[in-house]
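**Student:** Sharing a structure, written as structure tokens. Questions coming.
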Amino acid sequence: MTRMSVEVRIPAVFRAHTAGAKSVTAEGATIGDVLSDVVRSYPELGGQIFTDDDSLHRFVNVYLNDEDVRYLGGLSCEISDGDVLAILPAVAGGLT
Amino acid sequence: MVMSWRYCLPSLADLPKVSRLLFEDVAGTIGSTPLVGLPGLSPNPEVKIWAKLEGQNPTGSVKDRVALEMIARAEASGELTPGRVILEPTSGNTGISLAFVAKRKGYRLVCVMPETASKERTQMIAAFGAEIVYSPGEKGSNGAIELAKQMLESDVAFYMPYQYGNEANPLVHYQATGPEIVSDMPDITHFVAGLGTGGTLTGVGRFLKETKPEVKVIAAEPEQGELVYGLRSLEDGFIPPVFDESVLDGRIKVGAKASIEWTRALASEGVFAGLSSGAVLFVARKLAERTGEGNIVCLFADGGWKYLSTDIWSKQLEEAVEAVEYMPW
């Protein structure tokens, strides 16, 4: 599988771990690879994104081009050049 | 002569007559909302987009269904008795619906809502005689939940329906909203609704998975401005207990800009809907582009009336996006 370089958007709540960066660039063939590459650069993010068994933390949603990756095959989903990953924390939504 | 209408609209005399529209109480008009076609808004001629207009409920939102059911079940179980005070965290629609039901039934209601909630919401809650306690705007809906829970512990008179964790919330959609949709549109291929408490998606989704498992259930998730998220750490994150993610086939986030654009497009088609409806339509159009043929049913949670003070229909797009950056929608 070819390694792609993609933009990963970081939510405000995690930016203390990325020196304030709103987005970072990372590489990989799958979403899991890309997130692991982000964690290699910013190790403190590791415990925020992943659980001890390397799955996504329940309170973290990761979107590939606006779609929740849990419904796209999860961390093994392959990515393409120009894709954008966004990490968002789970919150109580909208006008409820 | 040039026709001024794009579509052949019926005259009032041609409209089918419903056999009986007499109700002993206005609460009887909750539910049985219309499902209308949006012929000008599908990007694919083989895919029709339909909208269930929950803004047609008496206080203008889908939450009338939930409020009525939560209170009825609390009374039946003995949790809610005369003299107790209903307390609920809400960023608007549920507060209005609860205020409506509480007034009809003679209960006092206290709503905890972010101070950034729009003026229309606070006015409507006041109109129905309920009280409002404000939570910090920067902490969003999560902040209202946190404060309401603190208040609940401080006074045993409070009864909190807690829409985020009350099974009556998805149940009313399983028992009523889902069957209404399938009755009106038996050939439904997709269902799209906004993700708030998750009650609508969970209830309608469960009904569809049981009766028409081939239907795809998709969540449109409003991507709020960062200040609305208001999280200090991941531990402040929140997944509503009533939300059953297993009924979903996809979840797509939609930013304020796209939501405003498509809410405006809806108005141009004669449907005056709230901001989350634009997000739902955006997702429906995305699905229509990927689908060969089908019938996509959208649930539009509320009408546009409660958003008038945001001026989203009259401002420049960038200004309109800024106007909603600090409020939940």
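Residues in the structure tokens are named by chain (A, B, ... in the order shown) and by number from 1 within that chain; ligands are numbered from 1 in the order shown.
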So that each row is one residue of chain A with an atom at most 12 Å from chain B, can you give its shortest atom pair and the distance in Å to one decimal, using only C-alpha atoms, rows by chain and rising number, as a tab-separated table?

**Tutor:**
```
residue	atom	partner	partner_atom	distance
A:Ile10	CA	B:Glu226	CA	11.1
A:Pro11	CA	B:Glu226	CA	7.8
A:Ala12	CA	B:Glu226	CA	7.0
A:Val13	CA	B:Ser233	CA	5.9
A:Phe14	CA	B:Ser233	CA	7.8
A:Arg15	CA	B:Ser233	CA	10.7
A:Ala16	CA	B:Ser233	CA	10.4
A:His17	CA	B:Ser233	CA	11.6
A:Lys22	CA	B:Glu226	CA	11.5
A:Leu45	CA	B:Leu234	CA	11.1
A:Gly47	CA	B:Leu234	CA	10.3
A:Gln48	CA	B:Leu234	CA	7.1
A:Ile49	CA	B:Leu234	CA	9.3
A:Phe50	CA	B:Leu234	CA	11.8
A:His57	CA	B:Leu234	CA	9.5
A:Arg58	CA	B:Ile239	CA	8.6
A:Phe59	CA	B:Gly237	CA	5.8
A:Val60	CA	B:Leu234	CA	8.0
A:Asn61	CA	B:Arg251	CA	10.1
A:Val62	CA	B:Lys253	CA	10.4
A:Tyr63	CA	B:Lys253	CA	7.9
A:Leu64	CA	B:Ile252	CA	9.4
A:Asn65	CA	B:Ile252	CA	8.9
A:Asp66	CA	B:Lys253	CA	5.2
A:Glu67	CA	B:Ile252	CA	4.4
A:Asp68	CA	B:Arg251	CA	5.3
A:Val69	CA	B:Arg251	CA	8.5
A:Arg70	CA	B:Gly250	CA	8.2
A:Tyr71	CA	B:Gly250	CA	5.3
A:Leu72	CA	B:Gly250	CA	7.9
A:Gly73	CA	B:Gly250	CA	10.8
A:Gly74	CA	B:Gly250	CA	11.7
A:Ala86	CA	B:Lys253	CA	10.2
A:Ile87	CA	B:Lys253	CA	11.4
A:Leu88	CA	B:Glu223	CA	9.1
A:Pro89	CA	B:Gly237	CA	6.1
A:Ala90	CA	B:Gly237	CA	5.1
A:Val91	CA	B:Phe238	CA	4.7
A:Ala92	CA	B:Phe238	CA	5.8
A:Gly93	CA	B:Gly196	CA	4.2
A:Gly94	CA	B:Trp329	CA	4.8
A:Leu95	CA	B:Trp329	CA	4.9
A:Thr96	CA	B:Ser91	CA	5.5
```

**Student:** Just write the chosen residues, C-alpha atoms, as a tab-separated table (two decimals), in the first residue's frame.

**Tutor:**
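Result went into result.tsv, see below:
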```tsv
chain	number	residue	atom	x	y	z
A	10	ILE	CA	-6.73	18.97	15.64
A	11	PRO	CA	-9.55	20.14	17.94
A	12	ALA	CA	-8.93	22.98	20.39
A	13	VAL	CA	-9.07	20.62	23.36
A	14	PHE	CA	-6.00	18.71	22.05
A	15	ARG	CA	-3.90	21.62	20.81
A	16	ALA	CA	-1.91	21.87	24.00
A	17	HIS	CA	-0.33	18.61	22.79
A	22	LYS	CA	-4.71	23.57	14.37
A	45	LEU	CA	-1.88	12.77	21.94
A	47	GLY	CA	-3.54	8.56	25.32
A	48	GLN	CA	-6.15	11.04	24.12
A	49	ILE	CA	-6.92	9.31	20.82
A	50	PHE	CA	-6.29	5.63	21.50
A	57	HIS	CA	-11.19	6.29	22.40
A	58	ARG	CA	-14.99	6.23	22.80
A	59	PHE	CA	-15.16	10.00	23.25
A	60	VAL	CA	-13.16	10.70	20.10
A	61	ASN	CA	-14.67	10.79	16.64
A	62	VAL	CA	-12.42	10.75	13.59
A	63	TYR	CA	-13.79	11.92	10.26
A	64	LEU	CA	-12.37	11.16	6.82
A	65	ASN	CA	-13.57	13.95	4.52
A	66	ASP	CA	-16.44	14.63	6.95
A	67	GLU	CA	-17.53	10.98	7.35
A	68	ASP	CA	-17.13	9.12	10.64
A	69	VAL	CA	-14.47	6.48	10.06
A	70	ARG	CA	-16.26	4.01	12.36
A	71	TYR	CA	-18.70	3.49	9.46
A	72	LEU	CA	-15.99	3.36	6.78
A	73	GLY	CA	-14.09	0.35	8.08
A	74	GLY	CA	-12.46	2.01	11.06
A	86	ALA	CA	-10.51	15.60	11.41
A	87	ILE	CA	-10.49	14.63	15.05
A	88	LEU	CA	-13.45	15.85	17.11
A	89	PRO	CA	-14.46	15.17	20.70
A	90	ALA	CA	-17.94	13.76	21.36
A	91	VAL	CA	-20.30	16.34	22.81
A	92	ALA	CA	-23.99	16.71	23.49
A	93	GLY	CA	-25.17	17.91	20.13
A	94	GLY	CA	-27.21	20.71	18.68
A	95	LEU	CA	-30.38	22.36	19.79
A	96	THR	CA	-31.76	19.66	22.01
```

**Student:** Please tabulate, as JSON lines, the residues of segment 15-84 of chain A that come within 7 Å of segment 3-7 of chain A, each with its closest pair of atoms and the distance in Å to one decimal, counting only C-alpha atoms and ordering rows by chain, then residue number upward.

**Tutor:**
```
{"residue": "A:Ser23", "atom": "CA", "partner": "A:Glu7", "partner_atom": "CA", "distance": 6.6}
{"residue": "A:Val24", "atom": "CA", "partner": "A:Glu7", "partner_atom": "CA", "distance": 5.9}
{"residue": "A:Thr25", "atom": "CA", "partner": "A:Glu7", "partner_atom": "CA", "distance": 4.7}
{"residue": "A:Ala26", "atom": "CA", "partner": "A:Ser5", "partner_atom": "CA", "distance": 5.6}
{"residue": "A:Glu27", "atom": "CA", "partner": "A:Ser5", "partner_atom": "CA", "distance": 4.4}
{"residue": "A:Gly28", "atom": "CA", "partner": "A:Arg3", "partner_atom": "CA", "distance": 4.5}
{"residue": "A:Ala29", "atom": "CA", "partner": "A:Arg3", "partner_atom": "CA", "distance": 4.5}
{"residue": "A:Ser80", "atom": "CA", "partner": "A:Met4", "partner_atom": "CA", "distance": 6.5}
{"residue": "A:Asp81", "atom": "CA", "partner": "A:Met4", "partner_atom": "CA", "distance": 5.6}
{"residue": "A:Gly82", "atom": "CA", "partner": "A:Val6", "partner_atom": "CA", "distance": 6.1}
{"residue": "A:Asp83", "atom": "CA", "partner": "A:Val6", "partner_atom": "CA", "distance": 5.8}
{"residue": "A:Val84", "atom": "CA", "partner": "A:Glu7", "partner_atom": "CA", "distance": 5.1}
```

**Student:** Using DSSP assignments from the backbone, pull out every residue in chain A that falls under helix (DSSP H, G or I) and give it to me as an NGL selection string.

**Tutor:** :A and (12-18 or 31-41 or 43-49 or 69-71 or 74-76)

**Student:** Next, dump the selected residues to file, keeping only N, CA and C atoms, as a tab-separated table (two decimals), in the first residue's frame.

**Tutor:**
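The resulting file, result.tsv, is reproduced below:
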```tsv
chain	number	residue	atom	x	y	z
A	12	ALA	N	-9.52	22.07	19.41
A	12	ALA	CA	-8.93	22.98	20.39
A	12	ALA	C	-8.51	22.26	21.67
A	13	VAL	N	-9.32	21.30	22.09
A	13	VAL	CA	-9.07	20.62	23.36
A	13	VAL	C	-7.76	19.82	23.35
A	14	PHE	N	-7.24	19.49	22.16
A	14	PHE	CA	-6.00	18.71	22.05
A	14	PHE	C	-4.78	19.56	21.66
A	15	ARG	N	-5.00	20.84	21.40
A	15	ARG	CA	-3.90	21.62	20.81
A	15	ARG	C	-2.76	21.90	21.77
A	16	ALA	N	-3.02	21.72	23.05
A	16	ALA	CA	-1.91	21.87	24.00
A	16	ALA	C	-0.85	20.80	23.71
A	17	HIS	N	-1.26	19.70	23.09
A	17	HIS	CA	-0.33	18.61	22.79
A	17	HIS	C	0.33	18.76	21.42
A	18	THR	N	-0.10	19.75	20.61
A	18	THR	CA	0.48	19.94	19.28
A	18	THR	C	1.10	21.34	19.18
A	31	ILE	N	-6.00	4.92	7.87
A	31	ILE	CA	-6.29	5.93	8.91
A	31	ILE	C	-5.49	5.62	10.18
A	32	GLY	N	-5.41	4.34	10.53
A	32	GLY	CA	-4.64	3.95	11.71
A	32	GLY	C	-3.18	4.35	11.59
A	33	ASP	N	-2.62	4.13	10.38
A	33	ASP	CA	-1.21	4.52	10.15
A	33	ASP	C	-1.02	6.02	10.34
A	34	VAL	N	-1.94	6.77	9.77
A	34	VAL	CA	-1.80	8.23	9.82
A	34	VAL	C	-1.88	8.72	11.26
A	35	LEU	N	-2.85	8.19	12.01
A	35	LEU	CA	-2.98	8.63	13.41
A	35	LEU	C	-1.77	8.21	14.23
A	36	SER	N	-1.22	7.03	13.93
A	36	SER	CA	-0.01	6.59	14.65
A	36	SER	C	1.16	7.51	14.32
A	37	ASP	N	1.22	7.97	13.07
A	37	ASP	CA	2.28	8.90	12.66
A	37	ASP	C	2.13	10.23	13.41
A	38	VAL	N	0.87	10.67	13.60
A	38	VAL	CA	0.63	11.90	14.36
A	38	VAL	C	1.14	11.71	15.80
A	39	VAL	N	0.84	10.55	16.37
A	39	VAL	CA	1.23	10.29	17.76
A	39	VAL	C	2.76	10.19	17.88
A	40	ARG	N	3.44	9.71	16.83
A	40	ARG	CA	4.92	9.67	16.87
A	40	ARG	C	5.47	11.09	17.00
A	41	SER	N	4.84	12.04	16.30
A	41	SER	CA	5.29	13.44	16.37
A	41	SER	C	4.85	14.13	17.65
A	43	PRO	N	3.61	12.71	21.04
A	43	PRO	CA	3.31	11.52	21.86
A	43	PRO	C	2.19	11.72	22.88
A	44	GLU	N	2.03	12.94	23.38
A	44	GLU	CA	0.98	13.14	24.41
A	44	GLU	C	-0.43	12.93	23.86
A	45	LEU	N	-0.56	13.00	22.54
A	45	LEU	CA	-1.88	12.77	21.94
A	45	LEU	C	-2.30	11.31	22.01
A	46	GLY	N	-1.32	10.44	22.15
A	46	GLY	CA	-1.59	9.00	22.11
A	46	GLY	C	-2.69	8.57	23.06
A	47	GLY	N	-2.56	8.95	24.31
A	47	GLY	CA	-3.54	8.56	25.32
A	47	GLY	C	-4.89	9.23	25.14
A	48	GLN	N	-4.89	10.32	24.38
A	48	GLN	CA	-6.15	11.04	24.12
A	48	GLN	C	-6.94	10.37	23.00
A	49	ILE	N	-6.23	9.86	22.00
A	49	ILE	CA	-6.92	9.31	20.82
A	49	ILE	C	-7.19	7.81	20.96
A	69	VAL	N	-15.22	7.65	10.56
A	69	VAL	CA	-14.47	6.48	10.06
A	69	VAL	C	-14.97	5.17	10.67
A	70	ARG	N	-15.73	5.25	11.77
A	70	ARG	CA	-16.26	4.01	12.36
A	70	ARG	C	-17.19	3.30	11.37
A	71	TYR	N	-17.77	4.07	10.44
A	71	TYR	CA	-18.70	3.49	9.46
A	71	TYR	C	-18.02	3.30	8.09
A	74	GLY	N	-13.28	1.72	9.89
A	74	GLY	CA	-12.46	2.01	11.06
A	74	GLY	C	-11.02	2.36	10.71
A	75	LEU	N	-10.13	2.02	11.62
A	75	LEU	CA	-8.73	2.43	11.46
A	75	LEU	C	-8.07	1.78	10.26
A	76	SER	N	-8.62	0.66	9.77
A	76	SER	CA	-7.99	-0.02	8.62
A	76	SER	C	-8.41	0.59	7.28
```

**Student:** Nearest residue to Val26 of chain B out of B:Leu68, B:Leu317, B:Cys111, B:Leu87, using only C-alpha atoms?

**Tutor:**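 Of the candidates, the smallest distance to Val26 of chain B is held by B:Leu68.
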
**Student:** Identify, on the basis of only C-alpha atoms, every residue whose closest approach to Cys298 of chain B does not exceed 9 Å; exclude the query and any residue fewer than 3 positions from it along the same chain; express the result as a list of chain:residue names.

**Tutor:** B:Leu35, B:Ile49, B:Trp50, B:Ala51, B:Lys52, B:Leu53, B:His190, B:Phe191, B:Val192, B:Ala193, B:Gly194, B:Ser277, B:Val280, B:Leu281, B:Ala284

**Student:** Segment 27-191 of chain B: which residues are strand (DSSP E) by DSSP, as number ranges by chain?

**Tutor:** B: 35-37, 47-53, 85-89, 108-114, 131-135, 158-159, 190-191

**Student:** When you draw a straight line from atom CA of Arg290 of chain B to atom CA of Trp262 of chain B, how long is it in Å?

**Tutor:**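 Between atom CA of Arg290 of chain B and atom CA of Trp262 of chain B the gap works out to 18.5 Å.
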
**Student:** Which residue is closest to Glu78 of chain A? Choose from A:Tyr42, A:Thr2, A:Asp54, A:Gly20 and count only C-alpha atoms.

**Tutor:**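 With only C-alpha atoms as the atom set, the closest residue is A:Thr2.
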
**Student:** If we count only C-alpha atoms, what is near Leu287 of chain B at a cut-off of 9 Å, once residues fewer than 4 positions away on the same chain are taken out, given as a list of chain:residue names?

**Tutor:**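 The contact residues come out as B:His190, B:Phe282, B:Val283, B:Thr291, B:Ile296.
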
**Student:** Would you kindly return, as a ChimeraX atom specification, each protein, DNA or RNA residue with an atom no farther than 9 Å from any atom of segment 165-169 of chain B, considering only C-alpha atoms and excluding same-chain residues fewer than 6 positions away?

**Tutor:** /B:63,65-67,69-70,73,197-200,203,240-243

**Student:** Emit the selected residues as a compact mmCIF listing (two decimals), in the first residue's frame, including N, CA and C atoms.

**Tutor:**
```txt
# COMPACT_ATOMS: atom_id res chain seq x y z
N LYS B 63 -39.51 18.01 19.33
CA LYS B 63 -39.41 17.75 20.76
C LYS B 63 -40.77 17.71 21.46
N ARG B 65 -43.10 15.74 20.67
CA ARG B 65 -43.36 14.30 20.81
C ARG B 65 -42.66 13.77 22.07
N VAL B 66 -41.40 14.14 22.20
CA VAL B 66 -40.56 13.62 23.29
C VAL B 66 -41.05 14.13 24.64
N ALA B 67 -41.35 15.41 24.70
CA ALA B 67 -41.79 16.01 25.98
C ALA B 67 -43.08 15.35 26.46
N GLU B 69 -44.30 12.43 25.78
CA GLU B 69 -44.09 11.03 26.17
C GLU B 69 -43.31 10.93 27.49
N MET B 70 -42.29 11.77 27.66
CA MET B 70 -41.49 11.70 28.90
C MET B 70 -42.36 12.02 30.12
N ARG B 73 -45.02 9.20 30.81
CA ARG B 73 -44.43 8.00 31.41
C ARG B 73 -43.98 8.26 32.84
N THR B 197 -29.65 14.51 20.70
CA THR B 197 -29.61 13.50 21.78
C THR B 197 -29.42 12.11 21.19
N GLY B 198 -29.70 11.96 19.91
CA GLY B 198 -29.66 10.64 19.28
C GLY B 198 -30.99 9.92 19.38
N GLY B 199 -31.98 10.53 20.02
CA GLY B 199 -33.27 9.88 20.23
C GLY B 199 -34.01 9.59 18.93
N THR B 200 -34.05 10.56 18.04
CA THR B 200 -34.77 10.37 16.77
C THR B 200 -34.10 9.26 15.95
N GLY B 203 -34.61 5.79 17.70
CA GLY B 203 -35.97 5.26 17.66
C GLY B 203 -36.43 4.92 16.25
N PRO B 240 -24.75 10.71 24.53
CA PRO B 240 -26.05 10.54 25.23
C PRO B 240 -26.35 9.06 25.45
N PRO B 241 -26.75 8.69 26.68
CA PRO B 241 -27.02 7.28 26.96
C PRO B 241 -28.11 6.67 26.07
N VAL B 242 -29.06 7.48 25.58
CA VAL B 242 -30.14 6.90 24.74
C VAL B 242 -29.68 6.63 23.32
N PHE B 243 -28.50 7.14 22.95
CA PHE B 243 -28.05 7.02 21.56
C PHE B 243 -27.46 5.64 21.30
```
